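Q: mmCIF, C-alpha atoms, saved as entry24.cif, coming up:
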```
data_protein
loop_
_atom_site.label_atom_id
_atom_site.label_comp_id
_atom_site.auth_asym_id
_atom_site.auth_seq_id
_atom_site.Cartn_x
_atom_site.Cartn_y
_atom_site.Cartn_z
CA MET A 1 -24.68 -28.27 3.33
CA LYS A 2 -25.39 -26.46 6.53
CA ARG A 3 -29.06 -26.86 7.36
CA THR A 4 -29.05 -25.46 10.89
CA PRO A 5 -30.63 -22.02 10.82
CA PRO A 6 -28.48 -19.24 12.24
CA ARG A 7 -29.30 -18.08 15.75
CA GLU A 8 -30.29 -14.66 14.47
CA PRO A 9 -31.67 -14.14 10.99
CA LEU A 10 -29.12 -12.85 8.50
CA PRO A 11 -30.42 -11.23 5.32
CA PRO A 12 -29.85 -13.21 2.09
CA PHE A 13 -26.23 -12.71 1.08
CA GLU A 14 -27.39 -11.20 -2.21
CA HIS A 15 -28.57 -8.13 -0.24
CA VAL A 16 -25.16 -7.72 1.38
CA VAL A 17 -23.47 -7.67 -2.03
CA GLU A 18 -26.11 -5.30 -3.42
CA GLN A 19 -25.71 -2.87 -0.55
CA HIS A 20 -21.95 -2.91 -0.07
CA GLY A 21 -20.48 -4.20 -3.34
CA VAL A 22 -19.69 -0.79 -4.79
CA ALA A 23 -18.18 0.64 -1.59
CA VAL A 24 -15.97 -2.44 -1.17
CA LEU A 25 -14.85 -2.18 -4.81
CA ARG A 26 -13.77 1.45 -4.30
CA LEU A 27 -12.01 0.49 -1.12
CA CYS A 28 -10.18 -2.34 -2.92
CA ARG A 29 -9.07 0.15 -5.59
CA ALA A 30 -7.77 2.46 -2.90
CA LEU A 31 -5.87 -0.36 -1.20
CA VAL A 32 -4.38 -2.30 -4.14
CA GLY A 33 -5.03 -0.17 -7.24
CA SER A 34 -7.65 -0.73 -9.93
CA HIS A 35 -5.69 -3.46 -11.69
CA ASP A 36 -5.96 -5.91 -8.78
CA ALA A 37 -9.15 -4.56 -7.20
CA ASP A 38 -11.42 -7.13 -8.89
CA ASP A 39 -9.45 -10.06 -7.49
CA VAL A 40 -9.38 -8.66 -3.97
CA TRP A 41 -13.12 -7.95 -4.22
CA GLN A 42 -13.72 -11.61 -5.17
CA GLU A 43 -11.59 -12.89 -2.31
CA THR A 44 -13.33 -10.56 0.10
CA PHE A 45 -16.87 -11.60 -0.77
CA LEU A 46 -16.01 -15.28 -1.07
CA ALA A 47 -14.51 -15.20 2.44
CA ALA A 48 -17.55 -13.29 3.69
CA LEU A 49 -19.90 -15.84 2.08
CA ARG A 50 -17.96 -18.74 3.65
CA ALA A 51 -18.33 -17.21 7.09
CA TYR A 52 -21.94 -16.26 6.49
CA ALA A 53 -23.77 -19.49 7.30
CA VAL A 54 -22.42 -19.90 10.80
CA MET A 55 -21.75 -16.42 12.09
CA GLU A 56 -23.69 -14.03 14.29
CA PRO A 57 -24.93 -11.00 12.36
CA PRO A 58 -22.24 -8.32 12.60
CA ALA A 59 -23.24 -5.06 14.31
CA ASN A 60 -22.12 -3.23 11.21
CA PHE A 61 -21.95 -5.10 7.89
CA GLU A 62 -19.79 -2.48 6.21
CA ALA A 63 -17.16 -2.42 8.95
CA TRP A 64 -17.12 -6.24 8.85
CA LEU A 65 -16.54 -6.26 5.08
CA VAL A 66 -13.92 -3.52 5.31
CA ARG A 67 -11.98 -5.60 7.81
CA ILE A 68 -12.07 -8.63 5.49
CA ALA A 69 -11.13 -6.50 2.45
CA ARG A 70 -8.24 -4.98 4.31
CA ASN A 71 -6.89 -8.41 5.29
CA LYS A 72 -7.31 -9.68 1.74
CA ALA A 73 -5.55 -6.60 0.38
CA VAL A 74 -2.64 -7.11 2.75
CA ASP A 75 -2.40 -10.81 1.75
CA HIS A 76 -2.53 -9.80 -1.87
CA LEU A 77 0.20 -7.20 -1.58
CA ARG A 78 2.36 -9.57 0.45
CA ALA A 79 1.94 -12.29 -2.13
CA ALA A 80 2.94 -9.82 -4.81
CA GLY A 81 5.95 -8.88 -2.70
CA ARG A 82 5.14 -5.20 -2.62
CA ARG A 83 4.44 -2.50 -0.14
CA PRO A 84 0.94 -1.03 -0.23
CA VAL A 85 1.44 2.14 -2.29
CA PRO A 86 -0.38 1.81 -5.56
CA VAL A 87 -3.16 4.33 -5.14
CA ALA A 88 -1.72 6.34 -7.99
CA ILE A 89 -4.07 4.70 -10.48
CA LEU A 90 -7.13 5.58 -8.42
CA GLU A 91 -9.63 7.13 -10.75
CA TYR A 92 -12.74 7.63 -8.76
CA ASP A 93 -14.63 10.80 -7.94
CA ASP A 94 -17.77 10.85 -5.86
CA GLY A 95 -17.94 14.63 -5.87
CA GLU A 96 -17.28 14.89 -2.15
CA LEU A 97 -13.66 15.89 -2.31
CA PRO A 98 -13.08 19.62 -2.53
CA GLY A 99 -11.74 20.51 -5.92
CA ALA A 100 -12.86 17.20 -7.35
CA GLN A 101 -15.87 18.65 -9.09
CA GLY A 102 -15.68 19.57 -12.71
CA SER A 103 -14.26 17.44 -15.48
CA GLY A 104 -10.55 16.91 -15.77
CA ALA A 105 -9.65 17.68 -12.16
CA GLU A 106 -10.50 14.21 -10.79
CA GLU A 107 -7.44 12.32 -11.86
CA ASP A 108 -5.17 15.12 -10.65
CA VAL A 109 -6.85 14.99 -7.25
CA TRP A 110 -6.29 11.26 -6.95
CA ASP A 111 -2.69 11.63 -8.03
CA GLU A 112 -2.34 14.04 -5.15
CA VAL A 113 -4.15 11.70 -2.76
CA ALA A 114 -1.65 9.02 -3.75
CA ARG A 115 1.20 11.32 -2.65
CA LEU A 116 -0.23 11.85 0.83
CA PRO A 117 1.40 10.20 3.86
CA GLU A 118 0.08 6.64 4.32
CA LYS A 119 -2.20 7.28 7.28
CA GLN A 120 -3.84 10.32 5.66
CA ARG A 121 -4.22 8.50 2.37
CA LYS A 122 -5.88 5.50 4.01
CA VAL A 123 -8.23 7.56 6.13
CA ILE A 124 -9.31 9.55 3.09
CA ALA A 125 -9.77 6.35 1.08
CA TYR A 126 -11.90 4.75 3.79
CA ARG A 127 -13.87 7.91 4.42
CA TYR A 128 -14.57 9.02 0.85
CA LEU A 129 -14.40 5.72 -0.99
CA GLY A 130 -15.50 3.29 1.69
CA GLY A 131 -18.04 5.71 3.16
CA LEU A 132 -17.00 4.75 6.69
CA SER A 133 -17.50 6.86 9.79
CA TYR A 134 -14.42 7.96 11.73
CA ALA A 135 -15.34 5.48 14.46
CA GLN A 136 -15.38 2.65 11.91
CA ILE A 137 -12.07 3.83 10.42
CA ALA A 138 -10.55 3.80 13.88
CA GLU A 139 -11.82 0.24 14.31
CA VAL A 140 -10.11 -0.81 11.09
CA LEU A 141 -6.84 1.15 11.32
CA GLY A 142 -6.46 1.21 15.08
CA GLY A 143 -6.21 4.43 17.05
CA SER A 144 -9.09 6.67 18.01
CA ALA A 145 -11.92 8.20 16.01
CA ALA A 146 -10.53 11.64 16.85
CA ALA A 147 -7.12 10.69 15.44
CA ALA A 148 -8.77 9.43 12.26
CA ARG A 149 -10.69 12.70 11.96
CA ARG A 150 -7.46 14.68 12.41
CA ALA A 151 -5.61 12.60 9.79
CA SER A 152 -8.48 13.18 7.39
CA ALA A 153 -8.48 16.93 8.04
CA ASP A 154 -4.67 17.07 7.64
CA GLY A 155 -4.93 15.12 4.41
CA MET A 156 -7.60 17.49 3.13
CA ALA A 157 -5.50 20.49 4.09
CA ASN A 158 -2.54 19.00 2.19
CA LEU A 159 -4.74 18.43 -0.84
CA ARG A 160 -5.96 22.03 -0.76
CA LYS A 161 -2.41 23.27 -0.39
CA SER A 162 -1.17 21.28 -3.38
CA GLU A 163 -4.10 22.52 -5.42
CA LEU A 164 -3.20 26.08 -4.60
CA THR A 165 0.42 25.42 -5.52
CA ALA A 166 -0.79 23.96 -8.77
CA GLY A 167 -2.56 27.26 -9.38
CA ARG A 168 -6.11 25.88 -9.07
CA THR A 169 -8.84 27.00 -6.72
CA THR A 170 -11.14 24.87 -4.63
CA ALA A 171 -14.17 26.96 -5.54
CA MET B 1 -12.53 7.81 -14.31
CA THR B 2 -15.26 5.57 -12.97
CA SER B 3 -18.77 6.79 -12.30
CA ILE B 4 -21.19 5.26 -9.85
CA VAL B 5 -23.07 3.67 -12.76
CA GLU B 6 -19.91 2.04 -14.10
CA ASP B 7 -19.04 0.81 -10.62
CA ALA B 8 -22.52 -0.66 -10.19
CA LEU B 9 -22.20 -2.47 -13.54
CA ARG B 10 -18.78 -3.74 -12.57
CA VAL B 11 -20.19 -5.07 -9.29
CA THR B 12 -22.95 -6.89 -11.21
CA MET B 13 -20.27 -8.59 -13.25
CA LEU B 14 -18.15 -9.37 -10.20
CA LYS B 15 -21.21 -10.79 -8.44
CA ALA B 16 -21.88 -13.15 -11.35
CA ARG B 17 -18.28 -14.38 -11.14
CA LEU B 18 -18.59 -14.77 -7.36
CA ALA B 19 -21.77 -16.83 -7.78
CA MET B 20 -20.03 -19.21 -10.20
CA THR B 21 -16.95 -19.62 -7.99
CA ALA B 22 -19.09 -20.14 -4.90
CA ALA B 23 -21.33 -22.68 -6.65
CA ASP B 24 -18.25 -24.64 -7.75
CA SER B 25 -16.68 -24.59 -4.30
CA GLY B 26 -19.93 -25.59 -2.58
CA ASP B 27 -20.26 -22.29 -0.72
CA LEU B 28 -23.51 -21.26 -2.38
CA ASP B 29 -26.40 -22.94 -0.56
CA ILE B 30 -29.23 -21.40 -2.58
CA ALA B 31 -29.11 -20.03 -6.12
CA TYR B 32 -32.07 -18.15 -7.50
CA ARG B 33 -33.34 -16.32 -10.53
CA VAL B 34 -36.60 -14.71 -11.63
CA ILE B 35 -38.25 -15.69 -14.93
CA ASP B 36 -41.19 -14.17 -16.78
CA SER B 37 -44.24 -16.34 -17.31
CA PRO B 38 -47.89 -16.01 -18.36
CA VAL B 39 -48.77 -16.14 -14.63
CA GLY B 40 -46.39 -13.31 -13.80
CA PRO B 41 -42.73 -13.26 -12.70
CA LEU B 42 -41.72 -16.53 -11.00
CA LEU B 43 -38.90 -16.81 -8.50
CA LEU B 44 -36.96 -20.08 -8.91
CA ALA B 45 -34.64 -21.17 -6.11
CA ALA B 46 -32.45 -24.28 -5.94
CA THR B 47 -30.17 -25.91 -3.40
CA GLU B 48 -27.40 -28.26 -4.46
CA SER B 49 -29.97 -31.09 -4.27
CA GLY B 50 -32.51 -29.51 -6.56
CA LEU B 51 -35.31 -27.05 -7.04
CA VAL B 52 -36.46 -26.02 -3.56
CA ARG B 53 -38.92 -23.18 -4.14
CA ILE B 54 -41.01 -21.56 -6.85
CA ALA B 55 -42.81 -18.38 -5.83
CA PHE B 56 -45.42 -16.18 -7.45
CA ALA B 57 -44.99 -12.41 -7.40
CA CYS B 58 -47.97 -12.06 -5.05
CA GLU B 59 -46.02 -13.93 -2.35
CA GLY B 60 -43.36 -11.18 -2.35
CA HIS B 61 -40.07 -12.49 -3.73
CA ASP B 62 -37.99 -10.64 -1.12
CA ALA B 63 -40.03 -12.13 1.70
CA VAL B 64 -39.66 -15.60 0.18
CA LEU B 65 -35.86 -15.20 -0.04
CA GLU B 66 -35.70 -14.05 3.56
CA ALA B 67 -37.76 -17.05 4.64
CA LEU B 68 -35.40 -19.35 2.71
CA GLY B 69 -32.52 -17.66 4.52
CA ARG B 70 -34.07 -18.46 7.87
CA ARG B 71 -35.19 -21.99 7.07
CA ILE B 72 -32.33 -23.30 4.95
CA SER B 73 -29.35 -20.94 4.74
CA PRO B 74 -28.73 -17.22 4.12
CA ARG B 75 -25.93 -18.07 1.68
CA ILE B 76 -28.17 -17.03 -1.19
CA LEU B 77 -27.14 -15.40 -4.46
CA ASN B 78 -28.85 -14.50 -7.69
CA ALA B 79 -27.10 -17.13 -9.80
CA PRO B 80 -29.08 -17.91 -12.94
CA GLU B 81 -26.93 -20.81 -14.16
CA ARG B 82 -28.09 -23.40 -11.64
CA LEU B 83 -31.67 -22.63 -12.69
CA ASP B 84 -31.12 -22.94 -16.45
CA PRO B 85 -32.75 -26.39 -16.78
CA ALA B 86 -35.77 -25.34 -14.67
CA ALA B 87 -36.19 -22.10 -16.63
CA GLU B 88 -36.00 -23.93 -19.95
CA GLN B 89 -38.53 -26.58 -18.92
CA LEU B 90 -40.94 -23.98 -17.54
CA ASP B 91 -40.69 -21.96 -20.76
CA ALA B 92 -41.49 -25.10 -22.75
CA TYR B 93 -44.40 -25.91 -20.42
CA PHE B 94 -45.93 -22.45 -20.79
CA ALA B 95 -45.47 -22.67 -24.56
CA GLY B 96 -47.44 -25.96 -24.53
CA ARG B 97 -44.40 -27.98 -25.63
CA ARG B 98 -43.89 -29.87 -22.34
CA ARG B 99 -46.34 -31.87 -20.22
CA SER B 100 -44.20 -33.03 -17.32
CA PHE B 101 -41.01 -31.90 -15.62
CA ASP B 102 -37.79 -33.77 -15.30
CA LEU B 103 -35.89 -31.87 -12.62
CA PRO B 104 -34.24 -32.77 -9.32
CA VAL B 105 -36.38 -31.38 -6.51
CA ASP B 106 -35.63 -30.69 -2.86
CA PHE B 107 -38.63 -31.07 -0.53
CA SER B 108 -36.72 -30.02 2.57
CA LEU B 109 -39.22 -27.20 3.21
CA SER B 110 -42.08 -29.70 3.65
CA THR B 111 -42.94 -31.75 6.72
CA GLU B 112 -43.16 -35.49 6.22
CA PHE B 113 -46.91 -35.81 5.62
CA ARG B 114 -47.06 -32.80 3.31
CA ARG B 115 -44.10 -34.11 1.40
CA ARG B 116 -45.89 -37.45 0.90
CA VAL B 117 -48.89 -35.62 -0.53
CA GLN B 118 -46.73 -33.34 -2.69
CA GLU B 119 -44.83 -36.31 -4.09
CA GLN B 120 -48.14 -37.79 -5.27
CA LEU B 121 -49.13 -34.68 -7.20
CA PRO B 122 -47.04 -35.33 -10.35
CA HIS B 123 -49.03 -38.57 -10.76
CA ILE B 124 -52.09 -36.53 -11.70
CA ALA B 125 -51.62 -36.39 -15.46
CA TYR B 126 -51.36 -33.21 -17.50
CA GLY B 127 -54.81 -31.96 -18.42
CA ARG B 128 -56.50 -34.07 -15.73
CA THR B 129 -57.71 -33.07 -12.29
CA ALA B 130 -58.25 -34.83 -8.98
CA THR B 131 -60.18 -33.85 -5.85
CA TYR B 132 -58.65 -33.28 -2.42
CA LYS B 133 -60.62 -36.34 -1.31
CA GLU B 134 -59.19 -38.58 -4.04
CA LEU B 135 -55.72 -37.40 -3.17
CA ALA B 136 -56.30 -38.23 0.50
CA GLY B 137 -57.20 -41.76 -0.61
CA LEU B 138 -54.00 -41.94 -2.71
CA VAL B 139 -51.78 -41.22 0.28
CA GLY B 140 -53.64 -43.91 2.23
CA ASN B 141 -55.47 -41.58 4.60
CA PRO B 142 -58.97 -40.93 3.17
CA ALA B 143 -60.08 -38.96 6.24
CA ALA B 144 -57.25 -36.43 5.99
CA VAL B 145 -58.96 -34.24 3.38
CA ARG B 146 -58.18 -31.02 5.23
CA ALA B 147 -54.55 -31.94 5.84
CA VAL B 148 -54.26 -32.79 2.15
CA GLY B 149 -55.70 -29.36 1.33
CA THR B 150 -53.04 -27.77 3.53
CA ALA B 151 -50.33 -29.85 1.90
CA CYS B 152 -51.45 -28.54 -1.50
CA ALA B 153 -51.66 -24.97 -0.22
CA THR B 154 -48.10 -25.15 1.15
CA ASN B 155 -46.62 -26.78 -1.94
CA PRO B 156 -43.16 -25.14 -2.20
CA LEU B 157 -42.93 -25.91 -5.93
CA PRO B 158 -46.15 -24.79 -7.63
CA VAL B 159 -46.48 -25.42 -11.39
CA VAL B 160 -43.66 -28.02 -11.39
CA VAL B 161 -45.43 -29.98 -8.64
CA PRO B 162 -48.95 -29.61 -10.05
CA CYS B 163 -51.11 -28.75 -7.05
CA HIS B 164 -53.20 -26.68 -9.48
CA ARG B 165 -54.69 -29.98 -10.71
CA VAL B 166 -56.42 -30.57 -7.38
CA LEU B 167 -60.00 -29.27 -7.11
CA ARG B 168 -62.79 -29.41 -4.57
CA THR B 169 -65.10 -32.41 -4.62
CA ASP B 170 -68.00 -30.20 -5.73
CA GLY B 171 -65.91 -29.12 -8.74
CA GLY B 172 -65.01 -25.74 -7.22
CA LEU B 173 -61.48 -24.55 -7.85
CA GLY B 174 -60.42 -24.50 -4.21
CA GLY B 175 -57.57 -22.15 -3.28
CA TYR B 176 -54.22 -21.42 -4.86
CA LEU B 177 -51.08 -19.77 -3.57
CA GLY B 178 -50.68 -17.85 -6.82
CA GLY B 179 -54.33 -16.72 -6.85
CA LEU B 180 -57.33 -18.28 -8.56
CA GLU B 181 -56.55 -16.46 -11.78
CA ALA B 182 -53.22 -18.27 -12.02
CA LYS B 183 -54.86 -21.62 -11.19
CA THR B 184 -57.46 -21.04 -13.91
CA ALA B 185 -54.77 -20.00 -16.40
CA LEU B 186 -52.74 -23.17 -15.77
CA LEU B 187 -55.77 -25.47 -16.02
CA THR B 188 -56.88 -23.71 -19.21
CA LEU B 189 -53.37 -24.04 -20.69
CA GLU B 190 -53.51 -27.78 -19.99
CA GLY B 191 -57.01 -28.06 -21.48
CA ALA B 192 -58.52 -29.18 -18.16
CA LEU B 193 -60.92 -26.23 -18.23
CA ASP B 194 -62.87 -25.08 -21.25
CA GLU B 195 -63.10 -21.47 -22.38
CA GLU B 196 -65.85 -20.70 -19.86
CA GLY B 197 -63.73 -22.11 -17.05
CA ARG B 198 -65.72 -25.31 -16.65
CA ARG B 199 -64.07 -28.70 -16.19
CA ALA B 200 -63.50 -30.05 -19.68
#
```
Represent the structure contained in this file as structure tokens.
A:
Amino acid sequence: MKRTPPREPLPPFEHVVEQHGVAVLRLCRALVGSHDADDVWQETFLAALRAYAVMEPPANFEAWLVRIARNKAVDHLRAAGRRPVPVAILEYDDGELPGAQGSGAEEDVWDEVARLPEKQRKVIAYRYLGGLSYAQIAEVLGGSAAAARRASADGMANLRKSELTAGRTTA
Amino acid sequence: MTSIVEDALRVTMLKARLAMTAADSGDLDIAYRVIDSPVGPLLLAATESGLVRIAFACEGHDAVLEALGRRISPRILNAPERLDPAAEQLDAYFAGRRRSFDLPVDFSLSTEFRRRVQEQLPHIAYGRTATYKELAGLVGNPAAVRAVGTACATNPLPVVVPCHRVLRTDGGLGGYLGGLEAKTALLTLEGALDEEGRRA
């Protein structure tokens, strides 16, 4: 067991799971689908716990976890021999997406999110499921914060458009 | 559709699974749980070597966990399983069905002298008391009454390591980390104090 105290105090790992567990779970669902999300969540937090005794405290815990989750999701999809597409089963609504309010509409919205181009889909998943800022998304996906913001806006515009085509309003 | 409540419940379940995996793989340095007791909620924390800390609610359980993070390791999870034997023995003790504890303990929070004092404490029998002065004699340093007092006051494992059985030479209760009410309650449970709180 490691008995050397870290150079800077890290909060007990329990607090990290309490604070970020739900956001990471939603992110895992967005990245690998709800069927495999539990496993990727486990791998993410186990890897984080392993690193935890010896590391410097990250500037941003959530961005740190998102990076681990993303790597674990990629490993997972590679191992399963698939391309990362399976957002279709996403079933989450946090009420922030336009048109997502009101019962019944949520699953339709996530079906439509799943049909978005990859970059837009990921940015929207990170932003609305992971709760990340555009700067953090840029850190994870590469590119600039402005580009992430644009991809998110484009994705939102596409969602609104498909809702209109489907004869629903965003009111 | 998953609501925030369902997600939170799912995370609780996932966290329990994580704690078990991490304990098996040796990645969990400190497991803890909180139990109810007649002296209030008690935090129990254990390393792989044994019980390392018991804390009263008045110490602030969050503050105690943070201190453990600094002094031992921040790889800490609420993982009740490792504490099952301690919880069971404490329940039996508070129910009057157990008079001594048979648990692995980890004194790594104590300095050498304090540890020597703390290791003597279980030799004071259930229902009996000793004075700080007598205890100083037991560790072979009769003049170190004050240091012995400090060793009792910094006992990381109250109740299990019975520092509550040590009183002042004049019969006064002395101090207690969990408050004098808790010390009185434990001594009364053991029959060392009568109903009026006098030494029996």
Q: When the PyMOL selection byres ((chain B) within 7 of (chain A)) is applied to the structure above, which residues does it catch, written out as a PyMOL selection string?
A: chain B and resi 1-2+7-8+11+18+22+27+29+65-66+69-78
Q: Could you spell out the hits of the PyMOL selection byres ((chain A and resi 117) around 12) on the shown file, as a VMD selection string?
A: chain A and resid 84 to 85 87 112 to 116 118 to 124 151 to 152 154 to 156 158 to 159
Q: Provide the atom CA of Arg53 of chain B to atom CA of Glu119 of chain B distance in Å, to one decimal place.
A: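 Atom-to-atom, atom CA of Arg53 of chain B and atom CA of Glu119 of chain B are spaced 14.4 Å apart.
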Q: Expressed in Å to a single decimal, how great is the separation between atom CA of Ser49 of chain B and atom CA of Val159 of chain B?
A: 18.9 Å
Q: By how many Å are atom CA of Leu51 of chain B and atom CA of Val148 of chain B apart?
A: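 According to the coordinates, atom CA of Leu51 of chain B and atom CA of Val148 of chain B are separated by 21.8 Å.
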Q: With a distance cut-off of 10 Å and only C-alpha atoms, select the neighbouring residues of segment 134-138 of chain B, excluding the residue or stretch itself and same-chain residues fewer than 6 positions from it, and output the selection as a PyMOL selection string.
A: chain B and resi 116-118+120-121+124+144-149+152+166-169
Q: Can you give me, as a list in words, the residues this file yields under the PyMOL selection byres ((chain B and resi 178) around 9)?
A: Val39, Ala55, Phe56, Ala57, Cys58, Glu59, Pro158, Gly175, Tyr176, Leu177, Gly179, Leu180, Glu181, Ala182 and Lys183 of chain B
Q: When you count all atoms listed in the file, which of these residues is closest to Ser100 of chain B: B:Gly140, B:Gly174, B:Pro162, B:Gly191?
A: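 Among B:Gly140, B:Gly174, B:Pro162, B:Gly191, it is B:Pro162 that comes nearest to Ser100 of chain B.
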Q: Compile the contact shell of segment 77-79 of chain A as a PyMOL selection string: residues with an atom at most 12 Å away, counting all atoms listed in the file, same-chain residues fewer than 6 positions apart removed.
A: chain A and resi 28+31-33+36-37+39-40+70-71+85-86
Q: Give me the residues within 12 Å of Glu196 of chain B as a PDB file with C-alpha atoms, in the coordinates of the input, counting all atoms listed in the file and dropping any in the same chain fewer than 5 places off.
A:
```pdb
ATOM      1  CA  THR B 184     -57.460 -21.040 -13.910  1.00  0.00           C
ATOM      2  CA  ALA B 185     -54.770 -20.000 -16.400  1.00  0.00           C
ATOM      3  CA  LEU B 187     -55.770 -25.470 -16.020  1.00  0.00           C
ATOM      4  CA  THR B 188     -56.880 -23.710 -19.210  1.00  0.00           C
ATOM      5  CA  GLY B 191     -57.010 -28.060 -21.480  1.00  0.00           C
TER       6      GLY B 191
END
```
Q: Anything within 12 Å of (-17.4, 1.9, 13.4): list those residues as a PyMOL selection string, counting only C-alpha atoms and sticking to the file's coordinates.
A: chain A and resi 58-67+126-127+130-142+144-145+148
Q: Have a look at A:Lys161, A:Thr44, A:Ala153, A:Leu27 and name the one nearest to His76 of chain A; count only C-alpha atoms.
A: A:Thr44
Q: Can you work out which one of A:Gly143, A:Ala73, A:Ser162, A:Arg149 has the shortest atom-to-atom distance to Arg29 of chain A, counting only C-alpha atoms?
A: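 Looking at the shortest contact to Arg29 of chain A, the residue is A:Ala73.
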Q: Please provide as an NGL selection string all residues within 12 Å of Gly50 of chain B, with the sequence filter that same-chain residues fewer than 3 positions apart are discarded (counting only C-alpha atoms).
A: :B and (29-32 or 44-47 or 53-54 or 82-86 or 102-108 or 157)
Q: Could you pull segment 25-46 of chain A out of the block above and save it with C-alpha atoms, as a PDB file, in the first residue's frame?
A:
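What landed in result.pdb:
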```pdb
ATOM      1  CA  LEU A  25     -22.562   7.518 -16.663  1.00  0.00           C
ATOM      2  CA  ARG A  26     -24.509   9.713 -19.112  1.00  0.00           C
ATOM      3  CA  LEU A  27     -21.367  10.314 -21.083  1.00  0.00           C
ATOM      4  CA  CYS A  28     -20.674   6.561 -21.238  1.00  0.00           C
ATOM      5  CA  ARG A  29     -24.217   6.019 -22.539  1.00  0.00           C
ATOM      6  CA  ALA A  30     -23.648   8.636 -25.200  1.00  0.00           C
ATOM      7  CA  LEU A  31     -20.364   7.045 -26.247  1.00  0.00           C
ATOM      8  CA  VAL A  32     -21.135   3.304 -26.167  1.00  0.00           C
ATOM      9  CA  GLY A  33     -24.905   3.027 -25.644  1.00  0.00           C
ATOM     10  CA  SER A  34     -26.748   2.118 -22.458  1.00  0.00           C
ATOM     11  CA  HIS A  35     -26.087  -1.610 -22.773  1.00  0.00           C
ATOM     12  CA  ASP A  36     -22.318  -1.254 -22.302  1.00  0.00           C
ATOM     13  CA  ALA A  37     -22.300   1.997 -20.323  1.00  0.00           C
ATOM     14  CA  ASP A  38     -22.035   0.263 -16.921  1.00  0.00           C
ATOM     15  CA  ASP A  39     -18.890  -1.610 -17.919  1.00  0.00           C
ATOM     16  CA  VAL A  40     -17.200   1.467 -19.337  1.00  0.00           C
ATOM     17  CA  TRP A  41     -18.158   3.402 -16.190  1.00  0.00           C
ATOM     18  CA  GLN A  42     -16.483   0.692 -14.055  1.00  0.00           C
ATOM     19  CA  GLU A  43     -13.334   0.722 -16.166  1.00  0.00           C
ATOM     20  CA  THR A  44     -13.229   4.505 -16.051  1.00  0.00           C
ATOM     21  CA  PHE A  45     -13.477   4.829 -12.284  1.00  0.00           C
ATOM     22  CA  LEU A  46     -11.187   1.887 -11.601  1.00  0.00           C
TER      23      LEU A  46
END
```
